[in-house]
file coords23.pdb (PDB, C-alpha atoms)
MODEL        1
ATOM      1  CA  MET A  99      68.209 -16.572  40.842
ATOM      2  CA  THR A 100      64.495 -16.273  40.359
ATOM      3  CA  GLU A 101      62.683 -19.460  39.466
ATOM      4  CA  HIS A 102      60.062 -19.301  36.778
ATOM      5  CA  ALA A 103      57.053 -21.543  36.680
ATOM      6  CA  ASP A 104      57.188 -24.285  34.146
ATOM      7  CA  ARG A 105      54.555 -23.144  31.706
ATOM      8  CA  SER A 106      54.608 -26.543  30.125
ATOM      9  CA  GLU A 107      52.554 -27.887  33.033
ATOM     10  CA  PRO A 108      48.840 -27.934  32.321
ATOM     11  CA  GLU A 109      46.739 -25.456  34.312
ATOM     12  CA  PRO A 110      44.094 -26.892  36.623
ATOM     13  CA  SER A 111      40.913 -27.437  34.689
ATOM     14  CA  ALA A 112      37.916 -25.308  35.601
ATOM     15  CA  ALA A 113      35.026 -26.935  37.375
ATOM     16  CA  PRO A 114      32.524 -28.295  34.893
ATOM     17  CA  ALA A 115      29.659 -25.934  34.306
ATOM     18  CA  SER A 116      26.248 -27.021  35.490
ATOM     19  CA  ALA A 117      24.134 -28.491  32.779
ATOM     20  CA  ALA A 118      21.784 -25.920  31.354
ATOM     21  CA  VAL A 119      18.143 -26.239  32.350
ATOM     22  CA  THR A 120      16.090 -27.173  29.337
ATOM     23  CA  PRO A 121      12.441 -26.347  28.668
ATOM     24  CA  ALA A 122      11.736 -30.065  29.090
ATOM     25  CA  ASP A 123      13.276 -29.986  32.590
ATOM     26  CA  ALA A 124      11.133 -26.989  33.536
ATOM     27  CA  ALA A 125       8.050 -28.722  32.184
ATOM     28  CA  ASP A 126       8.812 -31.867  34.204
ATOM     29  CA  ALA A 127       9.368 -29.814  37.377
ATOM     30  CA  ALA A 128       6.065 -27.998  36.871
ATOM     31  CA  ARG A 129       4.393 -31.327  36.186
ATOM     32  CA  LEU A 130       5.645 -32.677  39.513
ATOM     33  CA  VAL A 131       4.267 -29.632  41.341
ATOM     34  CA  ALA A 132       0.965 -30.109  39.501
ATOM     35  CA  PHE A 133       0.849 -33.700  40.771
ATOM     36  CA  GLY A 134       1.470 -32.352  44.270
ATOM     37  CA  LEU A 135      -1.572 -30.111  43.938
ATOM     38  CA  GLN A 136      -3.747 -33.203  43.429
ATOM     39  CA  PRO A 137      -3.812 -34.413  47.038
ATOM     40  CA  LYS A 138      -5.859 -37.537  46.363
ATOM     41  CA  LEU A 139      -3.461 -38.808  43.720
ATOM     42  CA  GLN A 140      -1.228 -41.594  45.035
ATOM     43  CA  PRO A 141       2.230 -41.987  43.485
ATOM     44  CA  ALA A 142       1.921 -45.777  43.584
ATOM     45  CA  ARG A 143      -1.000 -45.537  41.159
ATOM     46  CA  ASP A 144       0.595 -43.177  38.638
ATOM     47  CA  GLN A 145       3.784 -44.226  36.877
ATOM     48  CA  GLU A 146       4.710 -40.730  35.686
ATOM     49  CA  TYR A 147       4.252 -39.275  39.172
ATOM     50  CA  ALA A 148       6.407 -42.030  40.698
ATOM     51  CA  GLU A 149       9.134 -41.467  38.108
ATOM     52  CA  LEU A 150       9.232 -37.709  38.749
ATOM     53  CA  LEU A 151       9.465 -38.356  42.488
ATOM     54  CA  ARG A 152      12.403 -40.707  41.864
ATOM     55  CA  ARG A 153      14.072 -38.039  39.762
ATOM     56  CA  HIS A 154      13.549 -35.478  42.520
ATOM     57  CA  ARG A 155      15.310 -37.801  44.979
ATOM     58  CA  GLU A 156      18.199 -38.730  42.718
ATOM     59  CA  ASP A 157      18.834 -35.515  40.754
ATOM     60  CA  PRO A 158      19.671 -32.528  43.022
ATOM     61  CA  ALA A 159      19.490 -30.047  40.137
ATOM     62  CA  PHE A 160      15.995 -31.218  39.232
ATOM     63  CA  ALA A 161      14.968 -31.142  42.897
ATOM     64  CA  ARG A 162      16.093 -27.516  43.190
ATOM     65  CA  LEU A 163      14.197 -26.659  40.016
ATOM     66  CA  ALA A 164      10.962 -28.278  41.219
ATOM     67  CA  ASP A 165      11.257 -26.638  44.632
ATOM     68  CA  ALA A 166      11.798 -23.267  42.935
ATOM     69  CA  VAL A 167       8.672 -23.762  40.813
ATOM     70  CA  ALA A 168       6.694 -24.507  43.979
ATOM     71  CA  ALA A 169       8.131 -21.472  45.757
ATOM     72  CA  GLY A 170       7.230 -19.275  42.808
ATOM     73  CA  LEU A 171       3.617 -20.370  43.182
ATOM     74  CA  GLY A 172       3.620 -19.526  46.887
ATOM     75  CA  LEU A 173       3.801 -23.153  47.966
ATOM     76  CA  VAL A 174       5.858 -24.621  50.801
ATOM     77  CA  VAL A 175       7.212 -28.120  50.140
ATOM     78  CA  LEU A 176       6.646 -30.215  53.264
ATOM     79  CA  GLU A 177       8.002 -33.504  51.948
ATOM     80  CA  VAL A 178       8.784 -35.296  48.719
ATOM     81  CA  SER A 179       8.569 -39.060  49.175
ATOM     82  CA  PRO A 180       6.815 -42.163  47.835
ATOM     83  CA  ARG A 181       4.465 -42.165  50.864
ATOM     84  CA  ALA A 182       3.298 -38.547  50.607
ATOM     85  CA  GLY A 183       4.124 -37.643  47.034
ATOM     86  CA  MET A 184       5.095 -34.006  46.626
ATOM     87  CA  ALA A 185       3.299 -32.703  49.699
ATOM     88  CA  VAL A 186       2.877 -28.946  49.564
ATOM     89  CA  THR A 187       1.023 -26.383  51.617
ATOM     90  CA  ALA A 188       0.096 -22.873  50.586
ATOM     91  CA  ALA A 189       1.883 -19.882  52.074
ATOM     92  CA  GLU A 190      -0.333 -17.112  53.401
ATOM     93  CA  ASP A 191       0.104 -14.951  50.287
ATOM     94  CA  SER A 192      -0.336 -17.815  47.815
ATOM     95  CA  VAL A 193      -3.173 -17.905  45.332
ATOM     96  CA  PHE A 194      -3.757 -21.470  46.578
ATOM     97  CA  ALA A 195      -4.258 -20.395  50.215
ATOM     98  CA  VAL A 196      -7.645 -21.313  51.687
ATOM     99  CA  ARG A 197      -9.097 -18.915  54.248
ATOM    100  CA  MET A 198     -11.830 -19.626  56.723
ATOM    101  CA  GLY A 199     -14.093 -17.046  55.095
ATOM    102  CA  ASP A 200     -13.757 -18.821  51.743
ATOM    103  CA  TYR A 201     -14.345 -22.165  53.438
ATOM    104  CA  ALA A 202     -17.498 -20.881  55.139
ATOM    105  CA  ARG A 203     -18.901 -19.640  51.843
ATOM    106  CA  ARG A 204     -17.950 -22.886  50.099
ATOM    107  CA  THR A 205     -19.824 -24.944  52.684
ATOM    108  CA  ALA A 206     -22.748 -22.486  52.873
ATOM    109  CA  ALA A 207     -21.954 -21.921  56.523
ATOM    110  CA  ASP A 208     -23.227 -18.931  58.426
ATOM    111  CA  SER A 209     -20.475 -16.337  58.717
ATOM    112  CA  GLY A 210     -21.107 -16.200  62.459
ATOM    113  CA  ASP A 211     -20.130 -19.882  62.709
ATOM    114  CA  ARG A 212     -16.595 -19.423  61.359
ATOM    115  CA  PHE A 213     -15.194 -19.673  64.858
ATOM    116  CA  LEU A 214     -16.942 -23.004  65.433
ATOM    117  CA  HIS A 215     -15.684 -24.379  62.115
ATOM    118  CA  GLY A 216     -12.137 -23.387  63.058
ATOM    119  CA  LEU A 217     -12.515 -25.097  66.418
ATOM    120  CA  ALA A 218     -13.806 -28.257  64.704
ATOM    121  CA  HIS A 219     -10.684 -28.415  62.521
ATOM    122  CA  LEU A 220      -8.435 -27.921  65.529
ATOM    123  CA  ALA A 221     -10.226 -30.706  67.379
ATOM    124  CA  VAL A 222      -9.895 -33.115  64.439
ATOM    125  CA  ALA A 223      -6.147 -32.469  64.335
ATOM    126  CA  ALA A 224      -5.779 -32.952  68.091
ATOM    127  CA  LEU A 225      -7.705 -36.225  68.089
ATOM    128  CA  ALA A 226      -5.946 -37.556  65.020
ATOM    129  CA  PHE A 227      -2.538 -37.441  66.734
ATOM    130  CA  PRO A 228      -3.071 -38.002  70.475
ATOM    131  CA  ARG A 229       0.622 -37.839  71.496
ATOM    132  CA  PRO A 230       3.697 -35.970  70.268
ATOM    133  CA  GLU A 231       5.351 -39.239  69.258
ATOM    134  CA  ASP A 232       2.345 -40.099  67.084
ATOM    135  CA  LEU A 233       2.769 -36.869  65.175
ATOM    136  CA  ALA A 234       6.483 -37.554  64.742
ATOM    137  CA  ASP A 235       6.059 -41.199  63.666
ATOM    138  CA  ASP A 236       5.804 -41.393  59.860
ATOM    139  CA  GLY A 237       4.078 -44.761  60.134
ATOM    140  CA  TYR A 238       1.344 -43.624  62.529
ATOM    141  CA  ILE A 239      -2.243 -43.536  61.246
ATOM    142  CA  GLY A 240      -4.776 -41.546  63.259
ATOM    143  CA  ARG A 241      -8.459 -42.455  63.380
ATOM    144  CA  ILE A 242     -11.369 -40.175  64.241
ATOM    145  CA  SER A 243     -15.153 -40.109  64.010
ATOM    146  CA  VAL A 244     -17.622 -37.243  63.707
ATOM    147  CA  HIS A 245     -19.326 -38.043  67.020
ATOM    148  CA  GLY A 246     -15.953 -38.552  68.687
ATOM    149  CA  VAL A 247     -14.770 -35.087  67.657
ATOM    150  CA  ASP A 248     -17.977 -33.505  68.930
ATOM    151  CA  ALA A 249     -17.657 -35.371  72.241
ATOM    152  CA  PHE A 250     -14.038 -34.243  72.544
ATOM    153  CA  VAL A 251     -14.949 -30.578  72.037
ATOM    154  CA  ARG A 252     -17.799 -30.818  74.542
ATOM    155  CA  GLN A 253     -15.443 -32.364  77.095
ATOM    156  CA  ALA A 254     -13.007 -29.526  76.470
ATOM    157  CA  CYS A 255     -15.898 -27.099  76.924
ATOM    158  CA  ARG A 256     -16.678 -28.590  80.324
ATOM    159  CA  ARG A 257     -13.029 -28.232  81.323
ATOM    160  CA  LEU A 258     -13.035 -24.585  80.254
ATOM    161  CA  GLU A 259     -16.283 -23.941  82.122
ATOM    162  CA  GLU A 260     -14.799 -25.443  85.284
ATOM    163  CA  ARG A 261     -11.680 -23.329  84.906
ATOM    164  CA  ALA A 262     -13.713 -20.168  84.403
ATOM    165  CA  ALA A 263     -15.808 -20.931  87.489
ATOM    166  CA  GLN A 264     -12.721 -21.567  89.627
ATOM    167  CA  GLN A 265     -11.205 -18.268  88.548
ATOM    168  CA  GLY A 266     -14.443 -16.408  89.191
ATOM    169  CA  GLU A 267     -14.707 -15.231  85.624
ATOM    170  CA  ASN A 268     -17.880 -13.967  84.006
ATOM    171  CA  THR A 269     -19.725 -16.998  82.695
ATOM    172  CA  ASP A 270     -21.446 -15.093  79.883
ATOM    173  CA  PRO A 271     -19.040 -12.666  78.179
ATOM    174  CA  ALA A 272     -19.475 -11.166  74.740
ATOM    175  CA  THR A 273     -19.623 -13.865  72.078
ATOM    176  CA  ASP A 274     -16.944 -12.139  70.016
ATOM    177  CA  ALA A 275     -14.338 -12.386  72.779
ATOM    178  CA  PRO A 276     -11.135 -14.073  71.548
ATOM    179  CA  GLY A 277      -9.861 -17.400  72.723
ATOM    180  CA  LEU A 278     -11.363 -20.744  73.623
ATOM    181  CA  GLU A 279     -13.014 -19.296  76.734
ATOM    182  CA  ALA A 280     -15.636 -17.841  74.390
ATOM    183  CA  ALA A 281     -15.804 -20.924  72.165
ATOM    184  CA  TRP A 282     -17.197 -23.304  74.777
ATOM    185  CA  ARG A 283     -20.084 -20.986  75.511
ATOM    186  CA  ILE A 284     -21.089 -21.030  71.865
ATOM    187  CA  TRP A 285     -20.485 -24.744  71.230
ATOM    188  CA  VAL A 286     -22.347 -26.090  74.274
ATOM    189  CA  ARG A 287     -25.419 -24.006  73.457
ATOM    190  CA  ARG A 288     -25.601 -25.497  69.981
ATOM    191  CA  SER A 289     -27.535 -28.726  69.404
ATOM    192  CA  ALA A 290     -25.299 -31.738  68.847
ATOM    193  CA  THR A 291     -27.436 -33.186  66.064
ATOM    194  CA  GLY A 292     -30.639 -31.270  65.459
ATOM    195  CA  ALA A 293     -31.722 -33.900  62.982
ATOM    196  CA  THR A 294     -34.454 -33.037  60.502
ATOM    197  CA  LYS A 295     -37.608 -35.081  60.047
ATOM    198  CA  ASP A 296     -35.829 -37.288  57.522
ATOM    199  CA  ALA A 297     -32.967 -37.931  59.976
ATOM    200  CA  ARG A 298     -30.446 -35.687  58.218
ATOM    201  CA  ARG A 299     -28.040 -33.651  60.347
ATOM    202  CA  LEU A 300     -28.711 -29.956  60.494
ATOM    203  CA  ALA A 301     -25.814 -28.055  58.952
ATOM    204  CA  GLY A 302     -25.645 -25.714  61.932
ATOM    205  CA  SER A 303     -25.541 -28.464  64.563
ATOM    206  CA  THR A 304     -22.164 -29.253  66.063
ATOM    207  CA  THR A 305     -21.999 -32.676  64.408
ATOM    208  CA  GLY A 306     -23.043 -30.979  61.173
ATOM    209  CA  ILE A 307     -20.122 -28.566  61.549
ATOM    210  CA  VAL A 308     -17.710 -31.423  62.271
ATOM    211  CA  GLY A 309     -19.161 -33.330  59.315
ATOM    212  CA  LYS A 310     -18.363 -30.421  57.008
ATOM    213  CA  ALA A 311     -14.849 -30.219  58.399
ATOM    214  CA  VAL A 312     -14.062 -33.892  57.800
ATOM    215  CA  ALA A 313     -15.705 -33.814  54.363
ATOM    216  CA  PHE A 314     -13.472 -30.893  53.392
ATOM    217  CA  LEU A 315     -10.397 -32.683  54.746
ATOM    218  CA  THR A 316     -11.359 -35.817  52.824
ATOM    219  CA  ASP A 317     -11.805 -33.869  49.578
ATOM    220  CA  SER A 318      -8.404 -32.258  50.234
ATOM    221  CA  GLY A 319      -6.668 -35.630  50.569
ATOM    222  CA  PHE A 320      -6.039 -35.266  54.325
ATOM    223  CA  LEU A 321      -8.494 -37.930  55.517
ATOM    224  CA  GLN A 322      -9.927 -41.127  54.064
ATOM    225  CA  ARG A 323     -13.418 -42.304  55.007
ATOM    226  CA  THR A 324     -13.438 -45.809  56.459
ATOM    227  CA  GLY A 325     -17.030 -46.347  57.621
ATOM    228  CA  ASP A 326     -20.397 -44.934  58.634
ATOM    229  CA  ASP A 327     -20.330 -45.632  62.379
ATOM    230  CA  ASN A 328     -20.491 -42.733  64.844
ATOM    231  CA  GLY A 329     -21.472 -40.232  62.186
ATOM    232  CA  GLY A 330     -18.639 -41.349  59.902
ATOM    233  CA  THR A 331     -15.189 -42.748  60.669
ATOM    234  CA  TYR A 332     -11.951 -41.607  59.051
ATOM    235  CA  ARG A 333      -8.228 -42.345  58.939
ATOM    236  CA  THR A 334      -5.441 -39.838  58.426
ATOM    237  CA  THR A 335      -3.118 -39.653  55.429
ATOM    238  CA  ALA A 336       0.582 -38.826  55.310
ATOM    239  CA  ARG A 337      -0.285 -35.408  53.908
ATOM    240  CA  TYR A 338      -2.480 -34.572  56.897
ATOM    241  CA  GLN A 339       0.244 -35.599  59.324
ATOM    242  CA  LEU A 340       2.683 -33.300  57.532
ATOM    243  CA  GLN A 341       0.137 -30.461  57.536
ATOM    244  CA  VAL A 342      -0.571 -30.759  61.255
ATOM    245  CA  ARG A 343       3.119 -31.172  62.047
ATOM    246  CA  ASP A 344       3.861 -27.968  60.142
ATOM    247  CA  MET A 345       1.220 -25.987  62.040
ATOM    248  CA  ALA A 346       1.500 -27.631  65.455
ATOM    249  CA  GLY A 347       3.069 -24.590  67.123
ATOM    250  CA  GLY A 348       0.077 -22.358  66.464
ATOM    251  CA  ALA A 349      -1.419 -20.525  69.408
ATOM    252  CA  ALA A 350      -4.929 -21.881  68.821
ATOM    253  CA  MET A 351      -3.747 -25.478  68.836
ATOM    254  CA  ALA A 352      -1.630 -24.867  71.935
ATOM    255  CA  GLU A 353      -4.545 -23.406  73.882
ATOM    256  CA  LEU A 354      -6.801 -26.343  73.068
ATOM    257  CA  LEU A 355      -4.182 -28.960  73.908
ATOM    258  CA  GLU A 356      -3.087 -27.364  77.176
ATOM    259  CA  LEU A 357      -6.451 -28.451  78.580
ATOM    260  CA  GLY A 358      -5.169 -32.037  78.510
ATOM    261  CA  VAL A 359      -8.491 -33.359  77.189
ATOM    262  CA  VAL A 360      -7.304 -36.207  74.967
ATOM    263  CA  PRO A 361      -8.412 -39.830  74.539
ATOM    264  CA  VAL A 362      -5.235 -41.511  75.791
ATOM    265  CA  THR A 363      -4.686 -43.158  79.127
ATOM    266  CA  ASP A 364      -1.754 -41.041  80.244
ATOM    267  CA  GLY A 365      -3.492 -37.744  79.516
ATOM    268  CA  THR A 366      -0.584 -36.485  77.422
ATOM    269  CA  ALA A 367      -1.470 -33.610  75.102
ATOM    270  CA  SER A 368      -1.393 -34.488  71.431
ATOM    271  CA  LEU A 369       0.937 -31.726  70.260
ATOM    272  CA  LEU A 370       3.639 -29.687  71.901
ATOM    273  CA  PRO A 371       2.361 -26.299  73.181
ATOM    274  CA  ALA A 372       3.721 -23.015  71.942
ATOM    275  CA  GLU A 373       6.888 -21.727  73.578
ATOM    276  CA  ASP A 374       5.150 -18.544  74.779
ATOM    277  CA  PRO A 375       2.035 -19.595  76.721
ATOM    278  CA  ASP A 376       0.991 -15.945  77.150
ATOM    279  CA  ASP A 377       0.494 -15.490  73.407
ATOM    280  CA  LEU A 378      -2.570 -17.686  73.034
ATOM    281  CA  GLU A 379      -5.215 -15.421  71.548
ATOM    282  CA  LEU A 380      -7.384 -17.333  69.086
ATOM    283  CA  VAL A 381      -8.512 -15.102  66.256
ATOM    284  CA  ALA A 382     -11.963 -15.577  64.788
ATOM    285  CA  ASP A 383     -10.685 -17.128  61.546
ATOM    286  CA  ALA A 384      -8.172 -19.528  63.098
ATOM    287  CA  GLY A 385      -8.216 -23.180  62.137
ATOM    288  CA  LEU A 386      -6.380 -25.924  60.268
ATOM    289  CA  PRO A 387      -5.540 -25.846  57.446
ATOM    290  CA  PHE A 388      -6.568 -22.238  56.887
ATOM    291  CA  HIS A 389      -4.977 -18.805  56.990
ATOM    292  CA  SER A 390      -6.657 -16.043  58.973
TER     293      SER A 390
ENDMDL
END

call {"tool": "encode", "arguments": {"input": "coords23.pdb", "output": "structure tokens"}}
result
Amino acid sequence: MTEHADRSEPEPSAAPASAAVTPADAADAARLVAFGLQPKLQPARDQEYAELLRRHREDPAFARLADAVAAGLGLVVLEVSPRAGMAVTAAEDSVFAVRMGDYARRTAADSGDRFLHGLAHLAVAALAFPRPEDLADDGYIGRISVHGVDAFVRQACRRLEERAAQQGENTDPATDAPGLEAAWRIWVRRSATGATKDARRLAGSTTGIVGKAVAFLTDSGFLQRTGDDNGGTYRTTARYQLQVRDMAGGAAMAELLELGVVPVTDGTASLLPAEDPDDLELVADAGLPFHS
């Protein structure tokens, strides 16, 4: 005899539908992304920002909405936390992406110096985090100075010159040759200070180039100025650590760090090199935090 199901039993209830996204939710998500685009704004000093960050942590639906708003603007969310706020970086095709050419025009730099400006940014990143564990440690604060960065690059230049001499390479190739082998020849020929009569740094000197780099990073919320010694001293922010961590595998960074020229006693490079050491060509527009 065939048994029939007891239709008096209640059917399993359907899973509750997700709450509909309201215009107010979308506005709050966009507001959080807008806060993230203000790199100098600290969550601890803005109650609304701190509340939206808390909501992002505690409400998965709101977090997905805010992340989708960021993605729609061509932004990559690096971290959302009280220490860094909503830290975002621009994807290559984003309207918010900064390119070295734009940076050079913004700082009134000679277009022929783009390579040197890119190298200055790479050197700042390498000095700011002298070991892999420093880059991985959320509590680590890096400290750099303008003169220290210039000295670091010049030391790297000497290492490259020694390597070129040992390998019997041409010591004066075309200045547009790719890679750091060409960079040292340009950097070492440039005056370190070239101060004017009123003791101001020349913009085209190497310390002038480093000064522009750290000023840009400070305006972007990546560094904070701490003093005037050694051409200006700076400390890193959580946002800069996240930015460098995100771009640490780049070929340009790997080539610089493989030289082992870092200010730590054990000589450990500051970031892990790229997996493919043969793919180390440094394009003319390379540099943190720019797109080529």

call {"tool": "closest_atom_pairs", "arguments": {"input": "coords23.pdb", "of": "stretch 138-163 of chain A", "to": "stretch 125-129 of chain A", "cutoff": "8 Å", "atoms": "all atoms listed in the file", "output": "tab-separated table"}}
result
residue	atom	partner	partner_atom	distance
A:Leu150	CA	A:Asp126	CA	7.4
A:Phe160	CA	A:Ala127	CA	7.0
A:Ala161	CA	A:Ala127	CA	8.0
A:Leu163	CA	A:Ala127	CA	6.3

call {"tool": "atom_distance", "arguments": {"input": "coords23.pdb", "atom1": "atom CA of A:Tyr147", "atom2": "atom CA of A:Leu130"}}
result
6.8 Å

call {"tool": "resolve_selection", "arguments": {"input": "coords23.pdb", "expression": "the PyMOL selection byres ((chain A and resi 286) around 10)", "output": "list in words"}}
result
Val251, Arg252, Gln253, Cys255, Arg256, Ala281, Trp282, Arg283, Ile284, Trp285, Arg287, Arg288, Ser289, Ala290 and Thr304 of chain A

call {"tool": "residues_around", "arguments": {"input": "coords23.pdb", "residues": "A:Thr187", "least_positions_apart": "3", "cutoff": "8 Å", "atoms": "all atoms listed in the file", "output": "PDB file with C-alpha atoms, in the frame of the given file"}}
result
ATOM      1  CA  LEU A 173       3.801 -23.153  47.966  1.00  0.00           C
ATOM      2  CA  VAL A 174       5.858 -24.621  50.801  1.00  0.00           C
ATOM      3  CA  VAL A 175       7.212 -28.120  50.140  1.00  0.00           C
ATOM      4  CA  LEU A 176       6.646 -30.215  53.264  1.00  0.00           C
ATOM      5  CA  GLN A 341       0.137 -30.461  57.536  1.00  0.00           C
TER       6      GLN A 341
END

call {"tool": "atom_distance", "arguments": {"input": "coords23.pdb", "atom1": "atom CA of A:Ala313", "atom2": "atom CA of A:His245"}}
result
13.8 Å

call {"tool": "closest_residue", "arguments": {"input": "coords23.pdb", "among": "A:Ala164, A:Arg181, A:Phe250, A:Val196", "to": "A:Arg337", "atoms": "only C-alpha atoms"}}
result
A:Arg181

call {"tool": "resolve_selection", "arguments": {"input": "coords23.pdb", "expression": "the PyMOL selection byres ((chain A and resi 323) around 9)", "output": "PyMOL selection string"}}
result
chain A and resi 312-313+316+321-322+324-326+330-333

call {"tool": "residues_near_point", "arguments": {"input": "coords23.pdb", "point": "(-2.5, -34.0, 46.7)", "cutoff": "12 Å", "atoms": "only C-alpha atoms", "output": "ChimeraX atom specification"}}
result
/A:130-141,147,175-178,181-187,315-321,335-338,341
